[in-house]
Structure formats: C-alpha cells, structure tokens
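Visitor: What follows is a structure written as structure tokens; I'll ask about it next.
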Amino acid sequence: MLLVLCVDLDDDLGRKTDHDTPVIGRSSVERAAVDLATADPEDSDVNVCFEGCHLYDRITDETVEVAVVTGNERGDVAANREVGDEVDTVLASLATGEDVRALVVTDGAQDESVIPVIRSRVPIDGVRRVVVRQAQDLESMYYTFKQVLSDPETRGTILVPLGILLLIYPVAILADQLGLPGSTLGLVSALLGLYILGRGLAVERTVDRVVERARTSLFTGRVTLVTYVVAAALLVVGGVTGVEVVETLRATAGGQLGPGQTLAALVNGAVEWFAAAGVIASLGRITDEYIAGGFRWRYLNAPFYVVAIAVVLHGVSAFFLALPYADLAYLAAALAGGTLLGLFSTLAFAIAEQRSPRRPDSKAA
C-alpha cells in the first residue's frame with residue numbers, strides 16, 4: 001500500500017482553517033485544500049494538498065491513501081515531533097494487512113527536514129517537491145521578492161544588515177573628516193553586532209511589549225506608570241551618588257581603593273536612593289492592586305522589605321569602609337534592625353489578612 005503523505009510543517013492548514021489534523025482520505029484532503037486556498041490563496045501548502053490528490057488519482061496499479069500531516073507554526077524540533085505523532089495516527093487508521101510505504105509531498109527544503117522522522121516510522125519510496133511553474137518567470141520572481149520584502153520579519157532580517165553594510169563608505173568619509181579613520185570598521189561591526197544580538201534575543205518583542213504596557217497604563221490610569229518613572233530617576237541619581245562616593249574615597253586614600261572597598265562605596269552611596277526607588281515603585285503597585293480589587297495585606301510587606309534590605313546593606317558597607325560611626329555595635333544594630341523589621345512586617349500583615357474579610361470583587365473571589 002502506498003501512502004501519499006503531504007507535509008505542512010508550520011501548520012498553515014490548522015491555523016488558517018477549521019480542519020483538525022491529520023486529514024486522511026482523498027475527499028477530506030481535497031476539501032481541506034479548497035478551504036486553505038479560500039483562506040490564503042498565496043499559501044504554497046495549497047499546492048501540496050492538491051498534488052497529493054493528483055498523485056492519488058494517477059496511481060492506479062496499487063492501493064493508495066492520501067493524508068496531510070502538520071507540525072506547528074515555529075517549524076522547529078517540536079514541530080518534527082508533532083509530525084511524527086500525526087504519522088503514527090495515520091498509520092494506525094489504515095486498516096490493511098499490506099506493507100505500507102510512503103511518498104512524501106512537500107513545498108520546499110524546510111518541510112523536507114522532517115523526512116528522517118517519517119522514515120523512522122514508514123519506508124519512503126520518494127519525495128515530491130511541488131514548485132509552481134509561474135515562479136520561473138521574471139514577473140513572478142519580482143512578485144515573489146515583493147511579497148517577501150513586504151513581510152516585516154523578512155524585511156528586518158534582510159534589509160537592516162544590508163543597510164548597515166552600505167553605511168561603510170559614508171561612515172568612512174565622515175570618520176576621515178573627523179580625524180578618526182580607524183573607527184569605521186569598529187562602528188559598523190558594533191551596529192551589526194547589536195542588531196544580530198537584538199534579533200537573537202528577540203529584543204524587539206520585549207520593546208513592543210513594554211511600549212504596549214506603557215500605553216495601556218497611560219490610558220487606564222495606572223499609578224505604576226508614574227512611580228516607575230520616578231523610581232528610574234532615583235536609580236540614576238543613586239548610581240551617580242555611588243560613583244561620587246567612590247571618587248571621594250579614592251581621593252582620600254591617595255588613589256588606592258580595592259575592589260571590595262569600591263563595591264562597598266558604591267553600595268553605601270547609592271543604597272538610600274535605591275531604597276527610595278523601591279519603596280515608591282512598590283507603593284504604586286500596591287495602589288493599582290487595590291484599585292483593581294486584588295489587594296492583599298501581604299502586599300504591604302514590599303516597602304518594609306526594601307527598607308530592611310537597605311538598612312542591612314548600609315550597615316555592612318559602612319562597617320566595611322570603616323566609617324567613623326560604623327563600629328561593631330552599629331553593624332549589629334543594622335543587622336538586627338533589618339531582620340526584625342522584615343519579621344514584624346510579615347507577622348503583622350499575615351495576622352491582618354487572616355482577620356480582615358476579603359473584598360467580594362477581589363481576584364481570589
């Protein structure tokens with residue numbers, strides 16, 4: 001028995017139509033192809049499905065069955081596994097005592113990457129790659145390039161690196177005018193490196209999510225938008241203050257300051273500003289939770305924890321720098337005070353949460 005197996009690795013059929021996969025049987029495959037063509041006439045998997053039906057009709061000297069198997073939209077290793085699972089389902093549905101062999105139909109090299117997975121389950125007699133004839137014409141080639149470049153994902157992958165490379169000559173001229181002839185290669189390499197690193201880490205998606213969240217916060221009246229901005233400003237001020245403390249201590253010590261002392265000076269100078277930023281940010285979040293009906297007493301622990309950590313860090317850093325007031329008693333008081341503050345706040349708000357009735361519109365309701 002010959003099984004004509006149409007492969008749709010990125011699951012265009014499942015995502016663009018209402019068909020469940022795998023699709024088994026000549027009439028079912030034809031109906032799925034028509035529905036996919038109606039949903040997206042430009043999808044190449046339409047031709048794969050119709051080619052499967054064509055092969056089913058053309059082969060008359062043996063028993064033939066046709067089926068469509070799909071993966072997922074990522075087209076990765078997980079997609080290969082899903083294709084393998086659907087091949088198992090197709091083979092289990094074939095009520096035949098004959099040996100089953102497969103003829104795989106794909107639309108390109110990406111889908112053919114799943115062939116080893118299929119071969120591990122059923123012998124493969126051949127692979128049929130479907131290529132649209134019009135794609136050989138110049139007009140169709142132009143249209144294909146136009147369609148590819150209109151896709152934002154592909155456009156960013158191709159055009160941005162090309163644009164950076166084309167900047168080499170104007171950057172070289174500008175660098176020569178500024179008296180920096182050796183900076184051209186470094187600048188272009190840095191741009192390419194940042195772009196590739198950003199694409200690899202999906203930074204653009206993170207930026208899009210942050211912008212969307214900020215837009216939502218702005219139009220829904222969330223306090224966190226303001227408190228986060230204030231907290232960011234306080235963090236910057238804290239960082240600058242920490243650097244100033246380091247420079248002051250380095251000047252006092254005659255330019256000699258070890259790594260441990262440098263870190264302690266940074267912490268000592270910035271911890272108060274960082275603590276203020278943490279308290280403001282946590283208060284904004286608590287306010288939004290209360291307005292949204294999801295307030296819990298335990299949320300009030302956050303600002304107390306921030307203050308407790310700040311007290312401990314300030315005491316340790318001051319003691320390590322041997323500041324005049326930071327003797328052993330001060331360190332012990334800072335450690336004990338930070339610990340007790342965290343413990344008392346935890347116990348107090350836990351008792352308050354147990355004794356207070358929950359709001360009927362809270363998230364836990």
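Letters A, B, ... go to the chains of the structure tokens in the order shown; residues in each chain start at 1; ligands are counted from 1 in the same order.
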Can you tell me which residues surround Leu2 in chain A at a distance of at most 8 Å, considering only C-alpha atoms, apart from same-chain residues fewer than 6 positions away, and format the answer as a PyMOL selection string?
Guide: chain A and resi 62-65+100-103
Visitor: Those selected residues, please, written with N, CA and C atoms and delivered as a short mmCIF file (atom, residue, chain, number, x, y, z; two decimals), in the first residue's frame.
Guide:
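Listing of result_23.cif after writing:
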```cif
data_model
loop_
_atom_site.label_atom_id
_atom_site.label_comp_id
_atom_site.auth_asym_id
_atom_site.auth_seq_id
_atom_site.Cartn_x
_atom_site.Cartn_y
_atom_site.Cartn_z
N GLU A 62 -1.84 0.11 -7.60
CA GLU A 62 -1.77 -0.40 -6.24
C GLU A 62 -2.71 0.41 -5.36
N THR A 63 -2.91 -0.10 -4.15
CA THR A 63 -3.78 0.60 -3.20
C THR A 63 -3.09 1.88 -2.73
N VAL A 64 -3.85 2.97 -2.74
CA VAL A 64 -3.27 4.28 -2.41
C VAL A 64 -4.16 4.96 -1.37
N GLU A 65 -3.53 5.64 -0.44
CA GLU A 65 -4.24 6.51 0.50
C GLU A 65 -3.47 7.82 0.58
N VAL A 100 3.08 -0.91 4.20
CA VAL A 100 2.81 0.48 3.85
C VAL A 100 4.13 1.16 3.53
N ARG A 101 4.15 1.86 2.39
CA ARG A 101 5.28 2.69 2.00
C ARG A 101 4.76 4.09 1.76
N ALA A 102 5.63 5.08 1.87
CA ALA A 102 5.19 6.47 1.81
C ALA A 102 5.82 7.19 0.62
N LEU A 103 5.04 8.10 0.06
CA LEU A 103 5.52 9.06 -0.93
C LEU A 103 5.27 10.44 -0.32
#
```
Visitor: Set the distance at 9 Å and use only C-alpha atoms: which residues neighbour range 23-32 of chain A once local chain neighbours fewer than 5 positions away are removed? I'd like the list as a PyMOL selection string.
Guide: chain A and resi 13+17-18+37+46+49-50+52-53+56-57+65-69+90+93
Visitor: Got a sec: who's within 10 Å of range 303-312 of chain A, counting only C-alpha atoms, leaving out chain neighbours fewer than 2 positions off, as an MDAnalysis selection string?
Guide: chainID A and resid 267:268 270:283 286 299:301 314:318 331:346
Visitor: Do a neighbour search on range 70-78 of chain A at 10 Å with only C-alpha atoms, toss out local chain neighbours closer than 5 positions, and write the hits as a list of chain:residue names.
Guide: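 Everything that qualifies: A:Cys6, A:Val7, A:Asp8, A:Leu9, A:Asp10, A:Asp11, A:Asp12, A:Leu13, A:Gly14, A:Arg15, A:Asp20, A:Thr21, A:Pro22, A:Val23, A:Val83, A:Gly84, A:Asp85, A:Glu86, A:Val87, A:Gln110, A:Asp111, A:Ser113, A:Val114.
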Visitor: Can you work out which one of A:Glu51, A:Asp88, A:Glu42, A:Glu353 has the shortest atom-to-atom distance to Arg298 in chain A, counting only C-alpha atoms?
Guide: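 Smallest distance to Arg298 in chain A is found for A:Glu353.
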Visitor: Go ahead and compute the interatomic distance for CA of Thr248 in chain A and CA of Val236 in chain A, in Å to one decimal.
Guide: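 Spanning CA of Thr248 in chain A to CA of Val236 in chain A is a straight-line distance of 18.5 Å.
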Visitor: What gap, in Å, lies between CA of Val127 in chain A and CA of Arg58 in chain A?
Guide: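 A separation of 16.0 Å between them.
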Visitor: Based on the backbone DSSP call, show me all residues of range 51-214 of chain A assigned helix (DSSP H, G or I), as a VMD selection string.
Guide: chain A and resid 51 to 58 77 to 93 109 to 112 115 to 119 133 to 136 138 to 150 152 to 166 168 to 177 183 to 200 203 to 214
Visitor: Step one, run DSSP on the backbone; step two, keep only residues of range 14-158 of chain A assigned to strand (DSSP E); then write them as a PyMOL selection string.
Guide: chain A and resi 23-24+64-70+101-106+124-129
Visitor: For Pro161 in chain A, which residue among A:Gly193, A:Gly179, A:Gly269, A:Pro324 is the nearest when counting only C-alpha atoms?
Guide: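 Using only C-alpha atoms, Pro161 in chain A sits closest to A:Gly193.
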Visitor: Could you jot down the CA of Gly200 in chain A to CA of Glu212 in chain A separation for me, Å, one decimal place?
Guide: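 If I compute the distance from CA of Gly200 in chain A to CA of Glu212 in chain A, I get 21.3 Å.
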Visitor: Using only C-alpha atoms, which residue out of A:Met1, A:Ala95, A:Leu185, A:Val104 lies closest to Pro116 in chain A?
Guide: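 Under the stated criterion, the closest residue is A:Val104.
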Visitor: Could you check which of A:Val211, A:Ala253, A:Val246, A:Val117 is closest to Arg81 in chain A, using only C-alpha atoms?
Guide: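 So, comparing all the options, the nearest one is A:Val117.
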Visitor: Which residues, written as a ChimeraX atom specification, have at least one atom at most 10 Å from range 195-198 of chain A, with only C-alpha atoms counted and residues fewer than 6 positions away on the same chain left out?
Guide: /A:156-157,160-161,164,189,204-205
Visitor: As a list in words, please: the residues near Gly258 in chain A (cut-off 12 Å, only C-alpha atoms, same-chain neighbours under 5 positions excluded).
Guide: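 Close residues of Gly258 in chain A: Val246, Leu249, Arg250, Ala253, Leu263, Ala264, Ala265, Phe320 and Leu321 of chain A.
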Visitor: Could you name the residues that touch Val130 in chain A at 7 Å or less, counting only C-alpha atoms, but leaving out those on the same chain fewer than 2 positions away, as a list in words?
Guide: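 In the requested form, the answer reads Asn47, Val48, Thr106, Asp107, Arg128 and Val132 of chain A.
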Visitor: Any chance you could export the current selection's N, CA, C and O atoms as an mmCIF file, in the first residue's frame?
Guide:
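Okay, this is what ended up in selection-v2.cif:
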```cif
data_model
loop_
_atom_site.group_PDB
_atom_site.id
_atom_site.type_symbol
_atom_site.label_atom_id
_atom_site.label_comp_id
_atom_site.auth_asym_id
_atom_site.auth_seq_id
_atom_site.Cartn_x
_atom_site.Cartn_y
_atom_site.Cartn_z
ATOM 1 N N ASN A 47 -0.878 23.946 -2.886
ATOM 2 C CA ASN A 47 -0.393 23.121 -3.991
ATOM 3 C C ASN A 47 0.046 21.741 -3.516
ATOM 4 O O ASN A 47 -0.103 20.746 -4.243
ATOM 5 N N VAL A 48 0.577 21.651 -2.293
ATOM 6 C CA VAL A 48 0.983 20.366 -1.750
ATOM 7 C C VAL A 48 -0.237 19.455 -1.592
ATOM 8 O O VAL A 48 -0.199 18.273 -1.965
ATOM 9 N N THR A 106 6.121 17.750 -0.448
ATOM 10 C CA THR A 106 6.449 18.966 0.292
ATOM 11 C C THR A 106 6.497 20.151 -0.673
ATOM 12 O O THR A 106 6.406 19.985 -1.889
ATOM 13 N N ASP A 107 6.665 21.342 -0.104
ATOM 14 C CA ASP A 107 6.802 22.538 -0.931
ATOM 15 C C ASP A 107 8.182 23.176 -0.805
ATOM 16 O O ASP A 107 8.388 24.302 -1.263
ATOM 17 N N ARG A 128 8.384 14.195 -3.317
ATOM 18 C CA ARG A 128 7.900 15.033 -4.414
ATOM 19 C C ARG A 128 7.837 16.469 -3.928
ATOM 20 O O ARG A 128 7.087 16.803 -3.020
ATOM 21 N N VAL A 132 5.636 25.786 -8.211
ATOM 22 C CA VAL A 132 4.695 26.423 -9.128
ATOM 23 C C VAL A 132 5.443 26.872 -10.376
ATOM 24 O O VAL A 132 6.481 27.534 -10.288
#
```
